[in-house]
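Engineer: Before I ask anything, here is the structure I am working with.
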Amino acid sequence: MTTETPSRYGFADLPGLMGLMTGDEKHGPAATSTLDALWVLHDRVLRVSPATADAQDRDRFLLSKGHGPMAYYAVLAAKGFLAAEVLPSFGSYDSPLGHHPDRLLVPGVEIASGSLGHGLPLAVGTALGLRAQGLTDPAVWVLIGDAEFDEGSNHEALAFAGAAGLDRLHAVVIDNSSATHGWSGGIARRFEVEGWSTETVDGRDHEALYRAFTAPHPGRPHAVVARVEPKNS
Amino acid sequence: METMRERFAATAGELLDSDPRLAVVLADIGVDGFAGAAARHPDRVVNVGIREQLMIGVAGGLALTGLRPVVHTFAAFLVERPWEQVKLDLVHQGVGAVLVSAGGSYDWPAGGRTHMSPGDVALLDTLPGWTVHVPGHPDEAETLLRHAAADGDGLVYLRLSAHRNEHPVDVRPGRFTVVREGRRGVVLAVGPMLDAVLAATETLDVTVLYAATVRPFDAEGLRAATGERADVVLVEPYLAGTSVLAAHEALADRPHRVLALGVPKAEHRQYGSIPEHLAAYGLDGSGLHTRIAGFLR
């Protein structure tokens, strides 16, 4: 399923790739909300490719928000981790592509996700594990949603990561205003008070995303809140 | 008298020195026992604070990078509270860990229900792939911990208890041990229940098997011990009936009877001591004698 040939796809091809997947339309908004952030990360930031998907010193990207993974699969296909021909099988019995991703079925998928609130704690453990092995260069990225941020497990993880100064840990929060009670003062504030470096940007602006993703944050974990149009707009 | 937990901390600290793959994850409970190890290996002894969901998530993340996490707190907080993390962050990710609990079913009766976890082994039975060790003595706990640490990337639960037997059994991980032989049935004593079972069956003509590993269940060992008469009594220090299915499966091709003794499901709103609770559950020597003798008559 993997290919080592250079990708022939660009950002403009992603809608077409996503269009190959049907059957999970209810998660359409969840899928498209992540599209730009996923693309900028995989296209310009993450140091991982199909050829290095198992390398111990690769960057890790953990998709915690496993709902609506169409954008994720489309980006993985565009980057050569899986063949575009597989996309139409989305959700079928023998497909590697479920409505929530499974790390044991798709190359490049670092965690199996779907249930909310697991990615950030797993990312903390991953950052600790790399540091304990002297691998201080690889970056660990985790993507969560603003409603997923409601889960208490995320708050356990972000408080610990700030206190522990896990500076190779990065969180991307896709904020499409879908949290039932919202977060007064903005989500970034919660990260700030626990010692994280934070940026809040337009989640559709690729240059702004890139600058926020690559901003220096010595000694501190880094959170980028990517604001996109409200879920039900 | 040395406890299993003390031996665990000393042995795990030693293993950290010799095995660079090992890491210990704690949630404020048991931290003192790892003070020396934490000073020697600050990156491989992680105390996340009172955050049990994070504790299991961190273990999953450590394992994803290739380390072997050893995770320790009370059973209620290790297995029950972060249950979905056990299911998803370990099993579903396809990674392993060694979960080491203390407290068990009745170790701190004065602490009440919040610190009792008689359902832990039954819960793990709902997931695939777990090896479950229930030692009855600190020596056995050490043997089983060393085995678990070296057990590849397996999923291992090591259930430590303040309740213990006077003497260790020379256990082989995964195998039941024949402690006494008889003709009128088999009594399987799990972990700390052995001394009471031996006392209860002193005047009975029964085989006593000892299990310090209950999953996988040593079906072959049980079959070999039952011979012609497949009357089996299970005596477990956690929820009564936890191993009934495993015993039935082991004996599926022959007529058999099983009596399952253990901690009852009912809430015991009583405090007091371990012996008082064992007596209330019918798990002391005389309570066991009455029920075993009645069943094997």
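The way I read the labels, and the way they are meant: chains A, B, ... in the order of the structure tokens, residue 1 as the first residue of every chain, and ligand 1 as the first ligand shown, with later ones counted on from there.
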Starting from chain A, keep only residues with some atom at most 7 Å from an atom of chain B, counting only C-alpha atoms, and report them as a PDB file with N, CA and C atoms, in the first residue's frame.

Structural biologist:
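Contents of result-v5.pdb, as written:
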```pdb
ATOM      1  N   ARG A 103      -4.252   2.425  13.704  1.00  0.00           N
ATOM      2  CA  ARG A 103      -2.815   2.466  13.417  1.00  0.00           C
ATOM      3  C   ARG A 103      -2.256   1.137  12.894  1.00  0.00           C
ATOM      4  N   ILE A 111      -1.670   6.572  15.842  1.00  0.00           N
ATOM      5  CA  ILE A 111      -2.558   6.018  16.886  1.00  0.00           C
ATOM      6  C   ILE A 111      -3.912   5.677  16.280  1.00  0.00           C
ATOM      7  N   ALA A 112      -4.535   4.659  16.886  1.00  0.00           N
ATOM      8  CA  ALA A 112      -5.930   4.364  16.576  1.00  0.00           C
ATOM      9  C   ALA A 112      -6.773   5.282  17.442  1.00  0.00           C
ATOM     10  N   HIS A 118      -7.939  10.816  24.031  1.00  0.00           N
ATOM     11  CA  HIS A 118      -6.842   9.861  24.200  1.00  0.00           C
ATOM     12  C   HIS A 118      -5.532  10.331  23.571  1.00  0.00           C
ATOM     13  N   PRO A 121      -2.862  12.548  25.944  1.00  0.00           N
ATOM     14  CA  PRO A 121      -2.102  11.709  26.894  1.00  0.00           C
ATOM     15  C   PRO A 121      -1.119  10.761  26.196  1.00  0.00           C
ATOM     16  N   LEU A 122      -1.530  10.170  25.085  1.00  0.00           N
ATOM     17  CA  LEU A 122      -0.606   9.290  24.350  1.00  0.00           C
ATOM     18  C   LEU A 122       0.583  10.090  23.814  1.00  0.00           C
ATOM     19  N   ALA A 123       0.313  11.334  23.391  1.00  0.00           N
ATOM     20  CA  ALA A 123       1.396  12.172  22.885  1.00  0.00           C
ATOM     21  C   ALA A 123       2.375  12.541  23.995  1.00  0.00           C
ATOM     22  N   VAL A 124       1.851  12.783  25.189  1.00  0.00           N
ATOM     23  CA  VAL A 124       2.730  13.066  26.333  1.00  0.00           C
ATOM     24  C   VAL A 124       3.649  11.869  26.578  1.00  0.00           C
ATOM     25  N   GLY A 125       3.065  10.674  26.574  1.00  0.00           N
ATOM     26  CA  GLY A 125       3.876   9.472  26.776  1.00  0.00           C
ATOM     27  C   GLY A 125       4.896   9.281  25.668  1.00  0.00           C
ATOM     28  N   THR A 126       4.490   9.598  24.449  1.00  0.00           N
ATOM     29  CA  THR A 126       5.415   9.473  23.316  1.00  0.00           C
ATOM     30  C   THR A 126       6.589  10.446  23.473  1.00  0.00           C
ATOM     31  N   LEU A 128       7.724  11.684  26.262  1.00  0.00           N
ATOM     32  CA  LEU A 128       8.548  11.187  27.375  1.00  0.00           C
ATOM     33  C   LEU A 128       9.409  10.007  26.923  1.00  0.00           C
ATOM     34  N   GLY A 129       8.812   9.126  26.133  1.00  0.00           N
ATOM     35  CA  GLY A 129       9.531   7.929  25.689  1.00  0.00           C
ATOM     36  C   GLY A 129      10.702   8.276  24.782  1.00  0.00           C
ATOM     37  N   LEU A 130      10.501   9.250  23.895  1.00  0.00           N
ATOM     38  CA  LEU A 130      11.591   9.655  23.003  1.00  0.00           C
ATOM     39  C   LEU A 130      12.704  10.316  23.808  1.00  0.00           C
ATOM     40  N   ALA A 132      13.442   9.847  26.929  1.00  0.00           N
ATOM     41  CA  ALA A 132      14.126   8.844  27.754  1.00  0.00           C
ATOM     42  C   ALA A 132      15.129   8.034  26.938  1.00  0.00           C
ATOM     43  N   SER A 153      -9.457  14.039  30.457  1.00  0.00           N
ATOM     44  CA  SER A 153      -8.138  13.440  30.251  1.00  0.00           C
ATOM     45  C   SER A 153      -7.184  14.433  29.577  1.00  0.00           C
ATOM     46  N   GLU A 156      -5.704  16.618  32.282  1.00  0.00           N
ATOM     47  CA  GLU A 156      -4.630  15.925  33.004  1.00  0.00           C
ATOM     48  C   GLU A 156      -3.329  16.037  32.221  1.00  0.00           C
ATOM     49  N   ALA A 157      -3.430  15.857  30.923  1.00  0.00           N
ATOM     50  CA  ALA A 157      -2.231  15.816  30.082  1.00  0.00           C
ATOM     51  C   ALA A 157      -1.613  17.194  29.901  1.00  0.00           C
ATOM     52  N   PHE A 160       0.195  18.405  33.081  1.00  0.00           N
ATOM     53  CA  PHE A 160       1.452  17.678  33.304  1.00  0.00           C
ATOM     54  C   PHE A 160       2.520  18.111  32.298  1.00  0.00           C
TER      55      PHE A 160
END
```

Engineer: Quick check for you: according to DSSP on this backbone, which residues of segment 7-186 of chain A are classed as strand (DSSP E)? Reply as a list in words.

Structural biologist: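 Here is the list: Arg60, Phe61, Leu62, Leu63, Val140, Trp141, Val142, Leu143, Ile144, Gly145, Leu169, His170, Ala171, Val172, Val173, Ile174 and Asp175 of chain A.
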
Engineer: Write out, as a PDB file, in the first residue's frame, the residues just selected, with N, CA, C and O atoms.

Structural biologist:
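Dumped everything to selection12.pdb:
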```pdb
ATOM      1  N   ARG A  60       6.377  12.517  14.967  1.00  0.00           N
ATOM      2  CA  ARG A  60       5.113  11.780  15.153  1.00  0.00           C
ATOM      3  C   ARG A  60       3.933  12.732  15.033  1.00  0.00           C
ATOM      4  O   ARG A  60       3.940  13.791  15.678  1.00  0.00           O
ATOM      5  N   PHE A  61       2.936  12.327  14.260  1.00  0.00           N
ATOM      6  CA  PHE A  61       1.675  13.068  14.222  1.00  0.00           C
ATOM      7  C   PHE A  61       0.556  12.156  14.694  1.00  0.00           C
ATOM      8  O   PHE A  61       0.278  11.116  14.079  1.00  0.00           O
ATOM      9  N   LEU A  62      -0.098  12.542  15.795  1.00  0.00           N
ATOM     10  CA  LEU A  62      -1.168  11.736  16.376  1.00  0.00           C
ATOM     11  C   LEU A  62      -2.500  12.447  16.134  1.00  0.00           C
ATOM     12  O   LEU A  62      -2.730  13.535  16.672  1.00  0.00           O
ATOM     13  N   LEU A  63      -3.340  11.854  15.319  1.00  0.00           N
ATOM     14  CA  LEU A  63      -4.670  12.422  15.097  1.00  0.00           C
ATOM     15  C   LEU A  63      -5.577  11.948  16.230  1.00  0.00           C
ATOM     16  O   LEU A  63      -6.062  10.823  16.218  1.00  0.00           O
ATOM     17  N   VAL A 140       6.745  15.782  18.432  1.00  0.00           N
ATOM     18  CA  VAL A 140       5.499  15.038  18.594  1.00  0.00           C
ATOM     19  C   VAL A 140       4.350  16.029  18.433  1.00  0.00           C
ATOM     20  O   VAL A 140       4.309  17.053  19.127  1.00  0.00           O
ATOM     21  N   TRP A 141       3.462  15.744  17.497  1.00  0.00           N
ATOM     22  CA  TRP A 141       2.305  16.597  17.226  1.00  0.00           C
ATOM     23  C   TRP A 141       1.033  15.817  17.493  1.00  0.00           C
ATOM     24  O   TRP A 141       0.929  14.639  17.148  1.00  0.00           O
ATOM     25  N   VAL A 142       0.053  16.501  18.092  1.00  0.00           N
ATOM     26  CA  VAL A 142      -1.257  15.864  18.297  1.00  0.00           C
ATOM     27  C   VAL A 142      -2.327  16.869  17.906  1.00  0.00           C
ATOM     28  O   VAL A 142      -2.215  18.064  18.199  1.00  0.00           O
ATOM     29  N   LEU A 143      -3.340  16.388  17.206  1.00  0.00           N
ATOM     30  CA  LEU A 143      -4.441  17.265  16.776  1.00  0.00           C
ATOM     31  C   LEU A 143      -5.715  16.894  17.517  1.00  0.00           C
ATOM     32  O   LEU A 143      -6.130  15.727  17.512  1.00  0.00           O
ATOM     33  N   ILE A 144      -6.295  17.880  18.187  1.00  0.00           N
ATOM     34  CA  ILE A 144      -7.565  17.664  18.890  1.00  0.00           C
ATOM     35  C   ILE A 144      -8.580  18.709  18.411  1.00  0.00           C
ATOM     36  O   ILE A 144      -8.219  19.673  17.743  1.00  0.00           O
ATOM     37  N   GLY A 145      -9.840  18.503  18.773  1.00  0.00           N
ATOM     38  CA  GLY A 145     -10.880  19.466  18.431  1.00  0.00           C
ATOM     39  C   GLY A 145     -11.308  20.258  19.652  1.00  0.00           C
ATOM     40  O   GLY A 145     -11.033  19.855  20.785  1.00  0.00           O
ATOM     41  N   LEU A 169       6.747  18.603  22.468  1.00  0.00           N
ATOM     42  CA  LEU A 169       5.319  18.292  22.325  1.00  0.00           C
ATOM     43  C   LEU A 169       4.578  19.488  21.732  1.00  0.00           C
ATOM     44  O   LEU A 169       4.782  20.634  22.160  1.00  0.00           O
ATOM     45  N   HIS A 170       3.727  19.212  20.737  1.00  0.00           N
ATOM     46  CA  HIS A 170       2.952  20.250  20.070  1.00  0.00           C
ATOM     47  C   HIS A 170       1.503  19.808  19.943  1.00  0.00           C
ATOM     48  O   HIS A 170       1.247  18.671  19.524  1.00  0.00           O
ATOM     49  N   ALA A 171       0.581  20.702  20.285  1.00  0.00           N
ATOM     50  CA  ALA A 171      -0.841  20.410  20.111  1.00  0.00           C
ATOM     51  C   ALA A 171      -1.432  21.381  19.103  1.00  0.00           C
ATOM     52  O   ALA A 171      -1.116  22.569  19.118  1.00  0.00           O
ATOM     53  N   VAL A 172      -2.262  20.851  18.221  1.00  0.00           N
ATOM     54  CA  VAL A 172      -3.049  21.691  17.324  1.00  0.00           C
ATOM     55  C   VAL A 172      -4.504  21.512  17.732  1.00  0.00           C
ATOM     56  O   VAL A 172      -4.998  20.385  17.778  1.00  0.00           O
ATOM     57  N   VAL A 173      -5.150  22.611  18.079  1.00  0.00           N
ATOM     58  CA  VAL A 173      -6.562  22.539  18.450  1.00  0.00           C
ATOM     59  C   VAL A 173      -7.370  23.167  17.323  1.00  0.00           C
ATOM     60  O   VAL A 173      -7.222  24.348  17.029  1.00  0.00           O
ATOM     61  N   ILE A 174      -8.197  22.357  16.671  1.00  0.00           N
ATOM     62  CA  ILE A 174      -9.083  22.890  15.628  1.00  0.00           C
ATOM     63  C   ILE A 174     -10.331  23.419  16.321  1.00  0.00           C
ATOM     64  O   ILE A 174     -11.104  22.646  16.901  1.00  0.00           O
ATOM     65  N   ASP A 175     -10.503  24.740  16.276  1.00  0.00           N
ATOM     66  CA  ASP A 175     -11.622  25.360  16.990  1.00  0.00           C
ATOM     67  C   ASP A 175     -12.704  25.778  15.991  1.00  0.00           C
ATOM     68  O   ASP A 175     -12.586  26.814  15.335  1.00  0.00           O
TER      69      ASP A 175
END
```

Engineer: I'd like the contact shell of Pro128 of chain B - 10 Å cut-off, only C-alpha atoms, skipping same-chain residues fewer than 2 positions apart - returned as a ChimeraX atom specification.

Structural biologist: /B:87,91-92,124-126,130-131,155

Engineer: Find the residue from B:His248, B:Arg159, B:Arg40, B:His289 that sits nearest to Gly13 of chain B; use only C-alpha atoms when measuring.

Structural biologist: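 Ranking B:His248, B:Arg159, B:Arg40, B:His289 by distance to Gly13 of chain B, first place goes to B:Arg40.
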
Engineer: Can you tell me how far atom CA of Val214 of chain B sits from atom CA of Met116 of chain B, in Å to one decimal?

Structural biologist: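 Interatomic distance here is 19.9 Å.
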
Engineer: Which residue is closest to Glu110 of chain A? Choose from A:Asp59, A:Asp146, A:Asp167, A:Glu229 and count only C-alpha atoms.

Structural biologist: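 Between A:Asp59, A:Asp146, A:Asp167, A:Glu229, the residue approaching Glu110 of chain A most closely is A:Asp59.
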
Engineer: DSSP says alpha helix (DSSP H) for which residues of segment 48-282 of chain B? Put them as a PyMOL selection string?

Structural biologist: chain B and resi 52-64+75+83-85+120-124+138-149+194-200+219-226+244-250+274-280

Engineer: Excluding Arg190 of chain A and residues on its chain fewer than 4 positions from it, collect all residues at most 12 Å away from it, counting only C-alpha atoms, and give them as a list in words.

Structural biologist: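 Residues meeting the cut-off are Asp146, Phe149, Asp150, Asn154, His155, Glu156, Ala157, Leu158, Ala159, Gly162, Val173, Trp183, Ser184, Gly185, Gly186, Glu194, Gly195, Trp196, Ser197, Thr198, Ala223 and Val225 of chain A.
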
Engineer: I'd like the neighbourhood of His167 of chain B as a list in words, where a residue qualifies if any of its atoms comes within 10 Å (using only C-alpha atoms), though same-chain residues fewer than 6 positions away should be ignored.

Structural biologist: Gly136, His137, Pro138, Asp139, Glu140, Leu194 and Asp195 of chain B

Engineer: Could you name the residues that touch Met21 of chain A at 9 Å or less, counting only C-alpha atoms, but leaving out those on the same chain fewer than 4 positions away, as a ChimeraX atom specification?

Structural biologist: /A:17,70,87-91

Engineer: Please produce an output containing all heavy atoms for each residue in the selection, written as a tab-separated table (two decimals), in the first residue's frame.

Structural biologist:
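Contents of selection-v1.tsv, as written:
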```tsv
chain	number	residue	atom	x	y	z
A	17	LEU	N	-9.78	13.91	-3.74
A	17	LEU	CA	-9.47	12.69	-3.00
A	17	LEU	C	-10.53	12.43	-1.93
A	17	LEU	O	-10.97	11.29	-1.73
A	17	LEU	CB	-8.08	12.80	-2.36
A	17	LEU	CG	-6.90	12.80	-3.33
A	17	LEU	CD1	-5.60	13.21	-2.62
A	17	LEU	CD2	-6.73	11.44	-4.00
A	70	MET	N	-11.72	11.79	6.75
A	70	MET	CA	-11.57	11.87	5.29
A	70	MET	C	-10.42	12.80	4.90
A	70	MET	O	-9.64	12.48	4.00
A	70	MET	CB	-12.88	12.32	4.63
A	70	MET	CG	-13.99	11.28	4.70
A	70	MET	SD	-14.94	11.42	6.22
A	70	MET	CE	-16.22	12.56	5.73
A	87	LEU	N	-9.04	4.68	-1.37
A	87	LEU	CA	-9.98	5.61	-0.73
A	87	LEU	C	-11.46	5.23	-0.93
A	87	LEU	O	-12.25	5.33	0.02
A	87	LEU	CB	-9.72	7.04	-1.21
A	87	LEU	CG	-8.34	7.61	-0.83
A	87	LEU	CD1	-8.15	9.00	-1.43
A	87	LEU	CD2	-8.15	7.66	0.68
A	88	PRO	N	-11.88	4.78	-2.13
A	88	PRO	CA	-13.30	4.45	-2.29
A	88	PRO	C	-13.77	3.30	-1.40
A	88	PRO	O	-14.98	3.12	-1.21
A	88	PRO	CB	-13.41	4.07	-3.78
A	88	PRO	CG	-12.27	4.76	-4.43
A	88	PRO	CD	-11.16	4.71	-3.42
A	89	SER	N	-12.84	2.52	-0.84
A	89	SER	CA	-13.26	1.40	0.02
A	89	SER	C	-13.65	1.87	1.42
A	89	SER	O	-14.11	1.07	2.25
A	89	SER	CB	-12.11	0.39	0.15
A	89	SER	OG	-11.07	0.91	0.95
A	90	PHE	N	-13.49	3.16	1.68
A	90	PHE	CA	-13.75	3.78	2.99
A	90	PHE	C	-14.95	3.16	3.72
A	90	PHE	O	-16.08	3.19	3.24
A	90	PHE	CB	-14.00	5.28	2.75
A	90	PHE	CG	-14.25	6.11	3.98
A	90	PHE	CD1	-13.35	6.12	5.03
A	90	PHE	CD2	-15.38	6.91	4.08
A	90	PHE	CE1	-13.56	6.91	6.15
A	90	PHE	CE2	-15.61	7.71	5.19
A	90	PHE	CZ	-14.70	7.71	6.24
A	91	GLY	N	-14.68	2.58	4.88
A	91	GLY	CA	-15.76	2.06	5.73
A	91	GLY	C	-16.26	0.68	5.37
A	91	GLY	O	-17.11	0.13	6.08
```

Engineer: Using only C-alpha atoms, which protein or nucleic acid residues come within 8 Å of segment 176-180 of chain B? Drop anything in the same chain fewer than 4 positions from it, and give the result as a list in words.

Structural biologist: Val171, Arg172, Val206, Thr207, Val208, Leu209, Tyr210, Ala211, Ala212, Thr213, Asp218, Gly221, Leu222 and Ala225 of chain B

Engineer: Grab the residues selected above and save them as a CSV table (one decimal), in the first residue's frame with N, CA, C and O atoms.

Structural biologist:
```csv
chain,number,residue,atom,x,y,z
B,171,VAL,N,7.1,-21.1,41.9
B,171,VAL,CA,6.1,-21.0,40.8
B,171,VAL,C,6.8,-21.0,39.5
B,171,VAL,O,7.9,-20.5,39.3
B,172,ARG,N,6.1,-21.6,38.5
B,172,ARG,CA,6.5,-21.4,37.1
B,172,ARG,C,5.4,-20.6,36.4
B,172,ARG,O,4.3,-21.0,36.4
B,206,VAL,N,-8.3,-34.5,49.0
B,206,VAL,CA,-8.5,-33.7,47.7
B,206,VAL,C,-7.1,-33.3,47.2
B,206,VAL,O,-6.1,-33.2,48.0
B,207,THR,N,-7.0,-33.1,45.9
B,207,THR,CA,-5.8,-32.5,45.3
B,207,THR,C,-5.9,-31.0,45.5
B,207,THR,O,-7.0,-30.4,45.2
B,208,VAL,N,-4.8,-30.3,45.9
B,208,VAL,CA,-4.8,-28.9,46.0
B,208,VAL,C,-3.8,-28.4,44.9
B,208,VAL,O,-2.6,-28.8,44.9
B,209,LEU,N,-4.4,-27.6,44.0
B,209,LEU,CA,-3.5,-26.9,43.0
B,209,LEU,C,-3.3,-25.5,43.4
B,209,LEU,O,-4.2,-24.9,44.0
B,210,TYR,N,-2.2,-25.0,43.0
B,210,TYR,CA,-1.9,-23.6,43.3
B,210,TYR,C,-1.6,-22.8,42.0
B,210,TYR,O,-0.9,-23.2,41.1
B,211,ALA,N,-2.3,-21.7,41.9
B,211,ALA,CA,-2.2,-20.8,40.8
B,211,ALA,C,-1.7,-19.4,41.2
B,211,ALA,O,-2.3,-18.7,41.9
B,212,ALA,N,-0.5,-19.1,40.7
B,212,ALA,CA,0.0,-17.7,40.9
B,212,ALA,C,-0.1,-17.0,39.5
B,212,ALA,O,0.0,-15.8,39.5
B,213,THR,N,-0.5,-17.7,38.5
B,213,THR,CA,-0.8,-17.1,37.2
B,213,THR,C,-2.2,-17.7,36.9
B,213,THR,O,-2.4,-18.9,36.8
B,218,ASP,N,-4.3,-22.4,33.1
B,218,ASP,CA,-3.5,-23.6,32.8
B,218,ASP,C,-4.5,-24.8,32.7
B,218,ASP,O,-4.6,-25.6,33.6
B,221,GLY,N,-3.0,-28.2,33.1
B,221,GLY,CA,-2.7,-28.5,34.5
B,221,GLY,C,-4.0,-29.0,35.3
B,221,GLY,O,-4.0,-29.9,36.1
B,222,LEU,N,-5.1,-28.3,35.0
B,222,LEU,CA,-6.3,-28.6,35.7
B,222,LEU,C,-6.8,-30.0,35.2
B,222,LEU,O,-7.3,-30.8,36.0
B,225,ALA,N,-5.0,-32.8,36.8
B,225,ALA,CA,-5.2,-33.0,38.2
B,225,ALA,C,-6.6,-33.6,38.5
B,225,ALA,O,-6.8,-34.2,39.5
```

Engineer: Using Å and a single decimal, report how far atom CA of Leu46 of chain A sits from atom CA of Ala208 of chain A.

Structural biologist: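 Result for atom CA of Ala208 of chain A versus atom CA of Leu46 of chain A: 16.3 Å, one decimal.
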
Engineer: So how far away is atom CA of Thr114 of chain B from atom CA of Tyr271 of chain B, in Å?

Structural biologist: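 Interatomic distance here is 11.7 Å.
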